[in-house]
file data_23.pdb (PDB, C-alpha atoms)
ATOM      1  CA  MET Z   1     -38.865  84.934  15.063
ATOM      2  CA  PRO Z   2     -37.562  81.702  16.634
ATOM      3  CA  GLY Z   3     -34.038  83.121  16.350
ATOM      4  CA  GLY Z   4     -35.127  86.266  18.197
ATOM      5  CA  LEU Z   5     -36.785  84.150  20.891
ATOM      6  CA  VAL Z   6     -33.619  82.085  21.337
ATOM      7  CA  ALA Z   7     -31.533  85.265  21.606
ATOM      8  CA  LEU Z   8     -33.961  86.645  24.191
ATOM      9  CA  LEU Z   9     -33.761  83.433  26.192
ATOM     10  CA  ASP Z  10     -29.949  83.576  26.023
ATOM     11  CA  ASP Z  11     -30.033  87.156  27.324
ATOM     12  CA  ILE Z  12     -32.363  86.125  30.156
ATOM     13  CA  ALA Z  13     -30.081  83.203  31.042
ATOM     14  CA  MET Z  14     -27.059  85.521  31.082
ATOM     15  CA  ILE Z  15     -28.873  88.014  33.318
ATOM     16  CA  ALA Z  16     -29.863  85.167  35.645
ATOM     17  CA  LYS Z  17     -26.234  83.994  35.831
ATOM     18  CA  LEU Z  18     -25.033  87.523  36.604
ATOM     19  CA  ALA Z  19     -27.725  87.898  39.275
ATOM     20  CA  ALA Z  20     -26.745  84.567  40.833
ATOM     21  CA  ALA Z  21     -23.076  85.588  40.829
ATOM     22  CA  SER Z  22     -24.000  88.894  42.488
ATOM     23  CA  VAL Z  23     -25.974  87.050  45.160
ATOM     24  CA  ASP Z  24     -22.994  84.780  45.753
ATOM     25  CA  ASP Z  25     -20.710  87.831  46.022
ATOM     26  CA  VAL Z  26     -23.062  89.468  48.513
ATOM     27  CA  ALA Z  27     -23.319  86.284  50.594
ATOM     28  CA  ALA Z  28     -19.540  85.740  50.576
ATOM     29  CA  ALA Z  29     -18.746  89.345  51.491
ATOM     30  CA  ALA Z  30     -21.429  89.385  54.180
ATOM     31  CA  GLY Z  31     -20.087  86.117  55.611
ATOM     32  CA  ARG Z  32     -16.495  87.405  55.774
ATOM     33  CA  ALA Z  33     -17.625  90.648  57.371
ATOM     34  CA  GLY Z  34     -19.770  88.767  59.892
ATOM     35  CA  VAL Z  35     -16.802  86.616  60.948
ATOM     36  CA  LYS Z  36     -14.592  89.685  61.360
ATOM     37  CA  ALA Z  37     -17.265  91.351  63.486
ATOM     38  CA  ALA Z  38     -17.580  88.293  65.752
ATOM     39  CA  GLY Z  39     -16.143  90.019  68.812
ATOM     40  CA  VAL Z  40     -18.579  92.921  68.609
ATOM     41  CA  VAL Z  41     -21.515  90.583  67.901
ATOM     42  CA  ILE Z  42     -20.742  88.417  70.948
ATOM     43  CA  ASP Z  43     -20.391  91.518  73.104
ATOM     44  CA  ASP Z  44     -23.732  92.845  71.813
ATOM     45  CA  THR Z  45     -25.376  89.492  72.599
ATOM     46  CA  ALA Z  46     -23.824  89.397  76.073
ATOM     47  CA  VAL Z  47     -24.730  92.995  76.959
ATOM     48  CA  THR Z  48     -28.354  93.189  75.799
ATOM     49  CA  PRO Z  49     -30.036  90.734  78.260
ATOM     50  CA  ARG Z  50     -29.264  93.030  81.201
ATOM     51  CA  TYR Z  51     -31.640  95.641  79.768
ATOM     52  CA  VAL Z  52     -34.681  93.471  80.563
ATOM     53  CA  VAL Z  53     -33.692  93.096  84.231
ATOM     54  CA  GLY Z  54     -36.477  94.452  86.446
ATOM     55  CA  LEU Z  55     -39.189  94.051  83.802
ATOM     56  CA  THR Z  56     -42.122  91.666  84.006
ATOM     57  CA  PRO Z  57     -41.733  88.440  81.980
ATOM     58  CA  ASP Z  58     -44.591  89.348  79.595
ATOM     59  CA  ARG Z  59     -42.720  92.528  78.552
ATOM     60  CA  GLU Z  60     -39.312  90.933  77.929
ATOM     61  CA  LEU Z  61     -39.822  89.908  74.295
ATOM     62  CA  PRO Z  62     -41.633  93.160  73.316
ATOM     63  CA  ILE Z  63     -38.718  95.137  74.780
ATOM     64  CA  ILE Z  64     -36.211  92.984  72.881
ATOM     65  CA  ALA Z  65     -38.255  93.636  69.712
ATOM     66  CA  LYS Z  66     -38.147  97.401  70.334
ATOM     67  CA  ILE Z  67     -34.381  97.308  70.858
ATOM     68  CA  ALA Z  68     -33.952  95.226  67.679
ATOM     69  CA  ALA Z  69     -36.049  97.713  65.689
ATOM     70  CA  GLY Z  70     -33.932 100.585  67.028
ATOM     71  CA  SER Z  71     -30.772  98.683  66.136
ATOM     72  CA  LEU Z  72     -32.013  98.103  62.586
ATOM     73  CA  ARG Z  73     -32.841 101.805  62.197
ATOM     74  CA  ASN Z  74     -29.351 102.678  63.419
ATOM     75  CA  LYS Z  75     -27.722 100.386  60.864
ATOM     76  CA  LEU Z  76     -29.866 101.022  57.791
ATOM     77  CA  LEU Z  77     -30.911 104.668  58.092
ATOM     78  CA  VAL Z  78     -27.854 106.263  59.730
ATOM     79  CA  LEU Z  79     -24.762 104.087  59.646
ATOM     80  CA  LEU Z  80     -25.162 102.547  56.170
ATOM     81  CA  PRO Z  81     -25.369 105.931  54.346
ATOM     82  CA  ALA Z  82     -22.487 107.231  56.485
ATOM     83  CA  ALA Z  83     -20.393 104.163  55.591
ATOM     84  CA  LEU Z  84     -21.077 104.598  51.861
ATOM     85  CA  LEU Z  85     -20.097 108.272  52.031
ATOM     86  CA  LEU Z  86     -16.924 107.263  53.847
ATOM     87  CA  SER Z  87     -16.105 104.674  51.200
ATOM     88  CA  SER Z  88     -16.696 107.142  48.352
ATOM     89  CA  PHE Z  89     -15.002 110.261  49.681
ATOM     90  CA  ALA Z  90     -12.608 109.215  52.474
ATOM     91  CA  PRO Z  91     -11.545 105.564  52.048
ATOM     92  CA  TRP Z  92      -8.222 106.470  53.677
ATOM     93  CA  ALA Z  93     -10.105 106.947  56.958
ATOM     94  CA  ILE Z  94     -11.306 103.326  57.184
ATOM     95  CA  THR Z  95      -8.094 101.951  58.738
ATOM     96  CA  PRO Z  96      -7.816 104.723  61.376
ATOM     97  CA  LEU Z  97     -11.499 104.256  62.248
ATOM     98  CA  LEU Z  98     -10.960 100.521  62.606
ATOM     99  CA  MET Z  99      -8.030 101.215  64.925
ATOM    100  CA  ILE Z 100     -10.162 103.608  66.980
ATOM    101  CA  GLY Z 101     -12.924 101.002  67.143
ATOM    102  CA  GLY Z 102     -10.333  98.373  68.064
ATOM    103  CA  ALA Z 103      -8.994 100.594  70.837
ATOM    104  CA  TYR Z 104     -12.536 100.999  72.137
ATOM    105  CA  LEU Z 105     -13.005  97.220  72.176
ATOM    106  CA  CYS Z 106      -9.683  96.820  74.014
ATOM    107  CA  PHE Z 107     -10.763  99.429  76.563
ATOM    108  CA  GLU Z 108     -14.138  97.740  77.090
ATOM    109  CA  ALA Z 109     -12.514  94.336  77.597
ATOM    110  CA  THR Z 110      -9.865  95.633  80.001
ATOM    111  CA  GLU Z 111     -12.355  97.712  81.973
ATOM    112  CA  LYS Z 112     -14.608  94.690  82.461
ATOM    113  CA  ILE Z 113     -11.650  92.691  83.756
ATOM    114  CA  VAL Z 114     -10.719  95.512  86.145
ATOM    115  CA  GLU Z 115     -14.319  95.687  87.367
ATOM    116  CA  ALA Z 116     -14.396  91.912  87.914
ATOM    117  CA  VAL Z 117     -11.129  91.994  89.867
ATOM    118  CA  THR Z 118     -11.932  95.064  91.968
ATOM    119  CA  GLY Z 119     -15.642  94.325  92.447
ATOM    120  CA  THR Z 120     -16.674  97.708  91.048
ATOM    121  CA  SER Z 121     -19.047  98.431  88.179
ATOM    122  CA  HIS Z 122     -19.810 101.429  86.025
ATOM    123  CA  ALA Z 123     -23.116  99.974  84.803
ATOM    124  CA  ARG Z 124     -26.045 102.343  84.943
ATOM    125  CA  GLU Z 125     -28.612 101.569  87.597
ATOM    126  CA  VAL Z 126     -32.352 101.972  87.085
ATOM    127  CA  VAL Z 127     -33.389 101.971  90.725
ATOM    128  CA  GLY Z 128     -36.073 104.322  91.947
ATOM    129  CA  ILE Z 129     -38.204 104.110  88.782
ATOM    130  CA  THR Z 130     -41.700 102.896  89.629
ATOM    131  CA  ASP Z 131     -43.555 103.708  86.380
ATOM    132  CA  PRO Z 132     -43.329 100.634  84.092
ATOM    133  CA  LYS Z 133     -43.536 102.760  80.923
ATOM    134  CA  GLU Z 134     -40.747 105.044  82.112
ATOM    135  CA  LEU Z 135     -38.611 102.024  83.022
ATOM    136  CA  GLU Z 136     -39.175 100.453  79.602
ATOM    137  CA  SER Z 137     -38.412 103.723  77.846
ATOM    138  CA  ARG Z 138     -35.209 104.145  79.879
ATOM    139  CA  GLN Z 139     -34.076 100.591  79.181
ATOM    140  CA  VAL Z 140     -34.840 100.709  75.464
ATOM    141  CA  GLY Z 141     -33.141 104.090  75.085
ATOM    142  CA  GLY Z 142     -30.015 102.916  76.891
ATOM    143  CA  ALA Z 143     -29.845  99.703  74.891
ATOM    144  CA  VAL Z 144     -30.275 101.474  71.539
ATOM    145  CA  ARG Z 145     -27.551 104.007  72.413
ATOM    146  CA  THR Z 146     -25.154 101.216  73.368
ATOM    147  CA  ASP Z 147     -26.121  99.309  70.230
ATOM    148  CA  PHE Z 148     -25.353 102.366  68.085
ATOM    149  CA  ILE Z 149     -21.693 102.239  69.135
ATOM    150  CA  LEU Z 150     -21.451  98.492  68.541
ATOM    151  CA  SER Z 151     -23.352  98.748  65.243
ATOM    152  CA  ALA Z 152     -21.000 101.485  64.034
ATOM    153  CA  GLU Z 153     -18.058  99.179  64.656
ATOM    154  CA  ILE Z 154     -19.816  96.315  62.846
ATOM    155  CA  MET Z 155     -20.547  98.461  59.783
ATOM    156  CA  VAL Z 156     -16.993  99.807  59.574
ATOM    157  CA  ILE Z 157     -15.631  96.268  59.939
ATOM    158  CA  ALA Z 158     -17.973  95.077  57.162
ATOM    159  CA  LEU Z 159     -17.028  98.016  54.939
ATOM    160  CA  SER Z 160     -13.325  97.279  55.341
ATOM    161  CA  ASP Z 161     -13.826  93.719  54.091
ATOM    162  CA  ILE Z 162     -15.845  94.552  50.979
ATOM    163  CA  PRO Z 163     -13.650  94.380  47.858
ATOM    164  CA  GLU Z 164     -13.617  97.158  45.263
ATOM    165  CA  GLN Z 165     -17.239  97.126  44.114
ATOM    166  CA  SER Z 166     -19.919  99.565  43.078
ATOM    167  CA  VAL Z 167     -21.622 101.735  45.659
ATOM    168  CA  LEU Z 168     -24.829  99.768  45.048
ATOM    169  CA  MET Z 169     -23.120  96.439  45.751
ATOM    170  CA  GLN Z 170     -21.460  97.859  48.867
ATOM    171  CA  GLY Z 171     -24.842  99.110  50.066
ATOM    172  CA  VAL Z 172     -26.453  95.713  49.461
ATOM    173  CA  VAL Z 173     -23.664  93.902  51.345
ATOM    174  CA  LEU Z 174     -23.800  96.323  54.279
ATOM    175  CA  ALA Z 175     -27.591  96.023  54.426
ATOM    176  CA  ALA Z 176     -27.343  92.215  54.332
ATOM    177  CA  VAL Z 177     -24.757  92.240  57.129
ATOM    178  CA  GLY Z 178     -26.795  94.666  59.215
ATOM    179  CA  ILE Z 179     -30.055  92.725  58.861
ATOM    180  CA  ALA Z 180     -28.466  89.294  59.372
ATOM    181  CA  ILE Z 181     -26.518  90.357  62.462
ATOM    182  CA  THR Z 182     -29.507  92.168  63.990
ATOM    183  CA  VAL Z 183     -31.828  89.190  63.464
ATOM    184  CA  GLY Z 184     -29.185  86.760  64.726
ATOM    185  CA  VAL Z 185     -28.193  88.761  67.811
ATOM    186  CA  TYR Z 186     -31.681  89.638  69.008
ATOM    187  CA  GLY Z 187     -33.072  86.216  68.117
ATOM    188  CA  VAL Z 188     -30.445  84.662  70.377
ATOM    189  CA  VAL Z 189     -31.068  87.308  73.047
ATOM    190  CA  GLY Z 190     -34.796  86.502  72.958
ATOM    191  CA  LEU Z 191     -34.051  82.811  73.502
ATOM    192  CA  ILE Z 192     -31.644  83.615  76.334
ATOM    193  CA  VAL Z 193     -34.018  85.851  78.287
ATOM    194  CA  LYS Z 194     -36.856  83.330  77.966
ATOM    195  CA  MET Z 195     -34.708  80.273  78.695
ATOM    196  CA  ASP Z 196     -35.622  80.203  82.377
ATOM    197  CA  ASP Z 197     -39.343  80.535  81.549
ATOM    198  CA  ILE Z 198     -39.051  77.648  79.091
ATOM    199  CA  GLY Z 199     -37.239  75.643  81.752
ATOM    200  CA  LEU Z 200     -39.916  76.351  84.358
ATOM    201  CA  HIS Z 201     -42.621  75.301  81.903
ATOM    202  CA  LEU Z 202     -40.842  72.037  81.124
ATOM    203  CA  ALA Z 203     -40.170  71.406  84.833
ATOM    204  CA  ARG Z 204     -43.961  71.200  85.413
ATOM    205  CA  ARG Z 205     -44.547  68.487  82.806
ATOM    206  CA  ARG Z 206     -45.424  64.908  83.753
ATOM    207  CA  SER Z 207     -42.461  63.217  82.106
ATOM    208  CA  ALA Z 208     -39.499  62.858  84.460
ATOM    209  CA  GLY Z 209     -37.084  63.299  81.559
ATOM    210  CA  VAL Z 210     -38.737  66.526  80.406
ATOM    211  CA  ARG Z 211     -38.778  67.840  83.988
ATOM    212  CA  ALA Z 212     -35.057  67.117  84.274
ATOM    213  CA  ILE Z 213     -34.407  69.073  81.052
ATOM    214  CA  GLY Z 214     -36.448  71.972  82.401
ATOM    215  CA  ARG Z 215     -34.552  72.078  85.692
ATOM    216  CA  GLY Z 216     -31.302  71.864  83.726
ATOM    217  CA  LEU Z 217     -32.264  74.893  81.624
ATOM    218  CA  VAL Z 218     -33.076  76.930  84.739
ATOM    219  CA  ARG Z 219     -29.772  75.998  86.374
ATOM    220  CA  ALA Z 220     -27.864  76.643  83.156
ATOM    221  CA  MET Z 221     -29.188  80.195  82.719
ATOM    222  CA  PRO Z 222     -26.719  81.942  85.086
ATOM    223  CA  LEU Z 223     -23.850  79.845  83.735
ATOM    224  CA  LEU Z 224     -24.778  80.743  80.158
ATOM    225  CA  LEU Z 225     -24.890  84.462  80.912
ATOM    226  CA  GLU Z 226     -21.557  84.268  82.732
ATOM    227  CA  GLY Z 227     -20.028  82.278  79.895
ATOM    228  CA  LEU Z 228     -21.304  84.752  77.302
ATOM    229  CA  SER Z 229     -19.878  87.645  79.300
ATOM    230  CA  THR Z 230     -16.460  85.973  79.551
ATOM    231  CA  LEU Z 231     -16.482  85.026  75.878
ATOM    232  CA  GLY Z 232     -17.432  88.581  74.968
ATOM    233  CA  VAL Z 233     -14.471  89.988  76.909
ATOM    234  CA  VAL Z 234     -12.041  87.555  75.273
ATOM    235  CA  ALA Z 235     -13.455  88.214  71.809
ATOM    236  CA  MET Z 236     -13.267  91.998  72.269
ATOM    237  CA  ALA Z 237      -9.613  91.841  73.308
ATOM    238  CA  TRP Z 238      -8.752  89.505  70.422
ATOM    239  CA  VAL Z 239     -10.634  91.431  67.704
ATOM    240  CA  GLY Z 240      -9.620  94.859  69.018
ATOM    241  CA  GLY Z 241      -5.977  93.835  69.323
ATOM    242  CA  GLY Z 242      -6.143  92.422  65.796
ATOM    243  CA  PHE Z 243      -7.345  95.759  64.430
ATOM    244  CA  ILE Z 244      -4.525  97.580  66.217
ATOM    245  CA  VAL Z 245      -1.894  95.163  64.896
ATOM    246  CA  HIS Z 246      -3.259  95.322  61.342
ATOM    247  CA  GLY Z 247      -3.498  99.112  61.443
ATOM    248  CA  LEU Z 248       0.071  99.501  62.651
ATOM    249  CA  SER Z 249       1.193  97.290  59.789
ATOM    250  CA  GLU Z 250      -0.731  99.455  57.314
ATOM    251  CA  PHE Z 251       1.131 102.513  58.602
ATOM    252  CA  GLY Z 252       4.525 100.876  58.168
ATOM    253  CA  LEU Z 253       4.914  99.570  61.736
ATOM    254  CA  GLY Z 254       4.671  95.893  60.933
ATOM    255  CA  VAL Z 255       7.166  94.661  63.523
ATOM    256  CA  VAL Z 256       4.353  93.591  65.893
ATOM    257  CA  SER Z 257       2.393  91.887  63.122
ATOM    258  CA  HIS Z 258       5.439  90.087  61.746
ATOM    259  CA  GLY Z 259       6.565  89.073  65.234
ATOM    260  CA  LEU Z 260       3.180  87.571  66.113
ATOM    261  CA  HIS Z 261       3.025  85.798  62.758
ATOM    262  CA  ASP Z 262       6.494  84.312  63.150
ATOM    263  CA  VAL Z 263       5.827  83.096  66.705
ATOM    264  CA  ALA Z 264       2.458  81.610  65.741
ATOM    265  CA  LYS Z 265       3.958  79.877  62.722
ATOM    266  CA  ALA Z 266       6.853  78.448  64.736
ATOM    267  CA  VAL Z 267       4.572  77.119  67.477
ATOM    268  CA  GLY Z 268       2.184  75.708  64.880
ATOM    269  CA  HIS Z 269       4.972  73.839  63.081
ATOM    270  CA  ALA Z 270       6.230  72.481  66.406
ATOM    271  CA  SER Z 271       2.800  71.096  67.306
ATOM    272  CA  PRO Z 272       2.443  67.371  66.520
ATOM    273  CA  VAL Z 273      -1.308  67.679  65.891
ATOM    274  CA  ALA Z 274      -3.646  70.357  64.517
ATOM    275  CA  SER Z 275      -0.787  72.662  63.596
ATOM    276  CA  GLY Z 276      -3.101  75.046  61.733
ATOM    277  CA  LEU Z 277      -5.434  75.393  64.695
ATOM    278  CA  VAL Z 278      -2.514  75.862  67.099
ATOM    279  CA  GLU Z 279      -1.037  78.538  64.836
ATOM    280  CA  TRP Z 280      -4.364  80.375  64.742
ATOM    281  CA  LEU Z 281      -4.807  80.125  68.525
ATOM    282  CA  VAL Z 282      -1.309  81.493  69.179
ATOM    283  CA  GLY Z 283      -1.966  84.389  66.811
ATOM    284  CA  ALA Z 284      -5.318  85.094  68.472
ATOM    285  CA  VAL Z 285      -3.766  85.007  71.953
ATOM    286  CA  GLY Z 286      -1.011  87.344  70.760
ATOM    287  CA  ALA Z 287      -3.567  89.793  69.366
ATOM    288  CA  ALA Z 288      -5.525  89.581  72.643
ATOM    289  CA  ILE Z 289      -2.370  90.384  74.627
ATOM    290  CA  VAL Z 290      -1.744  93.424  72.442
ATOM    291  CA  GLY Z 291      -5.374  94.389  73.010
ATOM    292  CA  MET Z 292      -5.017  94.077  76.774
ATOM    293  CA  VAL Z 293      -1.899  96.268  76.735
ATOM    294  CA  VAL Z 294      -3.664  98.952  74.691
ATOM    295  CA  GLY Z 295      -6.789  98.666  76.836
ATOM    296  CA  GLY Z 296      -4.729  98.860  80.028
ATOM    297  CA  VAL Z 297      -3.140 102.117  78.899
ATOM    298  CA  ILE Z 298      -6.544 103.628  78.073
ATOM    299  CA  VAL Z 299      -8.062 102.478  81.370
ATOM    300  CA  ALA Z 300      -5.127 103.973  83.263
ATOM    301  CA  VAL Z 301      -5.469 107.281  81.442
ATOM    302  CA  LEU Z 302      -9.243 107.509  81.855
ATOM    303  CA  HIS Z 303      -9.566 106.176  85.405
ATOM    304  CA  LEU Z 304      -6.367 106.029  87.418
ATOM    305  CA  ILE Z 305      -4.755 109.321  86.420
ATOM    306  CA  PRO Z 306      -7.920 111.438  86.872
ATOM    307  CA  ARG Z 307      -8.501 109.764  90.244
ATOM    308  CA  LYS Z 308      -4.997 110.676  91.413
ATOM    309  CA  ALA Z 309      -5.433 114.199  90.109
ATOM    310  CA  GLY Z 310      -8.699 114.477  91.998
ATOM    311  CA  HIS Z 311      -7.019 113.455  95.284
ATOM    312  CA  ALA Z 312      -4.013 115.695  94.811
ATOM    313  CA  PRO Z 313      -5.602 118.899  96.146
ATOM    314  CA  GLN Z 314      -6.641 117.163  99.372
ATOM    315  CA  ALA Z 315      -2.984 116.509 100.256
ATOM    316  CA  HIS Z 316      -2.254 120.179 100.780
TER     317      HIS Z 316
END

call {"tool": "encode", "arguments": {"input": "data_23.pdb", "output": "structure tokens"}}
result
Amino acid sequence: MPGGLVALLDDIAMIAKLAAASVDDVAAAAGRAGVKAAGVVIDDTAVTPRYVVGLTPDRELPIIAKIAAGSLRNKLLVLLPAALLLSSFAPWAITPLLMIGGAYLCFEATEKIVEAVTGTSHAREVVGITDPKELESRQVGGAVRTDFILSAEIMVIALSDIPEQSVLMQGVVLAAVGIAITVGVYGVVGLIVKMDDIGLHLARRRSAGVRAIGRGLVRAMPLLLEGLSTLGVVAMAWVGGGFIVHGLSEFGLGVVSHGLHDVAKAVGHASPVASGLVEWLVGAVGAAIVGMVVGGVIVAVLHLIPRKAGHAPQAH
């Protein structure tokens, strides 16, 4: 009997070790996937606050919560099963899908730069809506649709970075990535949209130091949003360009990848300090340049050429 108890305890200890190793594998895979999806995550964080513009302050956090719930449904109920089916029956399609997603990121980044330079915008307006419920419904619907595209990219990125594992483990990792990113993104968005309210509250306190902090938060709000927007554009170009470069290498066109690697390595070795960081920065800048080239071509095809074609008949 004692021998059987010892054997049972050994089995329980072994199961506990295997469970702990599985948790570590999930955490490691989720962490790698989250880092790879950084560009999309930053863009999602930068885009979402504009969907609460025009709403009363007391409805901002409830609207963010609705958008977060819609985002979680997108990831767990639609995109996760689709990703697992893709992994099981068409793993060859992951690289092309990543390249398509990368091209989309490059297009988004380049289009935002073009809009900033030309002073134009393709953002959807919500003017003329007087019913608060209709406005909220419109804003939540638009945000969830935009999030679906970004979430699809995040899930494909995460799937591509999961090593050969069981379907169950892949599902657990994808679910962990989806939940963690959704909570992180919309938690930060909630803090951002309420930052000015927090600042105003602190600015009314008696302490001069607290009032100064409050005024600083209010003044920092526009700068933070602008900084997030700029960072999102840079991250999209870098991550999207990286997917294009990696995909070309996978299809036997590694000249761009090898060229960027060689240049980054040479510059890194020539740097007297922080050679590793310099090498990474040069590689990231190179990927961003590739992304801007790809995005520029797409923008030209989708905007400039149709515009010229539309003016052509008027010349006759």

call {"tool": "atom_distance", "arguments": {"input": "data_23.pdb", "atom1": "atom CA of Ile198 of chain Z", "atom2": "atom CA of Thr182 of chain Z"}}
result
23.0 Å

call {"tool": "atom_distance", "arguments": {"input": "data_23.pdb", "atom1": "atom CA of Ile244 of chain Z", "atom2": "atom CA of Val167 of chain Z"}}
result
27.1 Å

call {"tool": "closest_residue", "arguments": {"input": "data_23.pdb", "among": "Z:Asp147, Z:Glu226, Z:Glu134, Z:Glu108", "to": "Ala69 of chain Z", "atoms": "all atoms listed in the file"}}
result
Z:Asp147

call {"tool": "atom_distance", "arguments": {"input": "data_23.pdb", "atom1": "atom CA of Ile64 of chain Z", "atom2": "atom CA of Gly101 of chain Z"}}
result
25.3 Å

call {"tool": "residues_around", "arguments": {"input": "data_23.pdb", "residues": "segment 209-219 of chain Z", "least_positions_apart": "6", "cutoff": "7 Å", "atoms": "only C-alpha atoms", "output": "PyMOL selection string"}}
result
chain Z and resi 195-196+199-200+202-203

call {"tool": "residues_around", "arguments": {"input": "data_23.pdb", "residues": "His258 of chain Z", "least_positions_apart": "3", "cutoff": "12 Å", "atoms": "all atoms listed in the file", "output": "number ranges by chain"}}
result
Z: 245-246, 248-249, 252-255, 261-265, 283, 286-287

call {"tool": "closest_residue", "arguments": {"input": "data_23.pdb", "among": "Z:Ile192, Z:Ala266, Z:Ile298, Z:Ala116", "to": "Thr230 of chain Z", "atoms": "all atoms listed in the file"}}
result
Z:Ala116

call {"tool": "closest_residue", "arguments": {"input": "data_23.pdb", "among": "Z:Gly227, Z:Lys75, Z:Glu115, Z:Ala288", "to": "Val177 of chain Z", "atoms": "all atoms listed in the file"}}
result
Z:Lys75
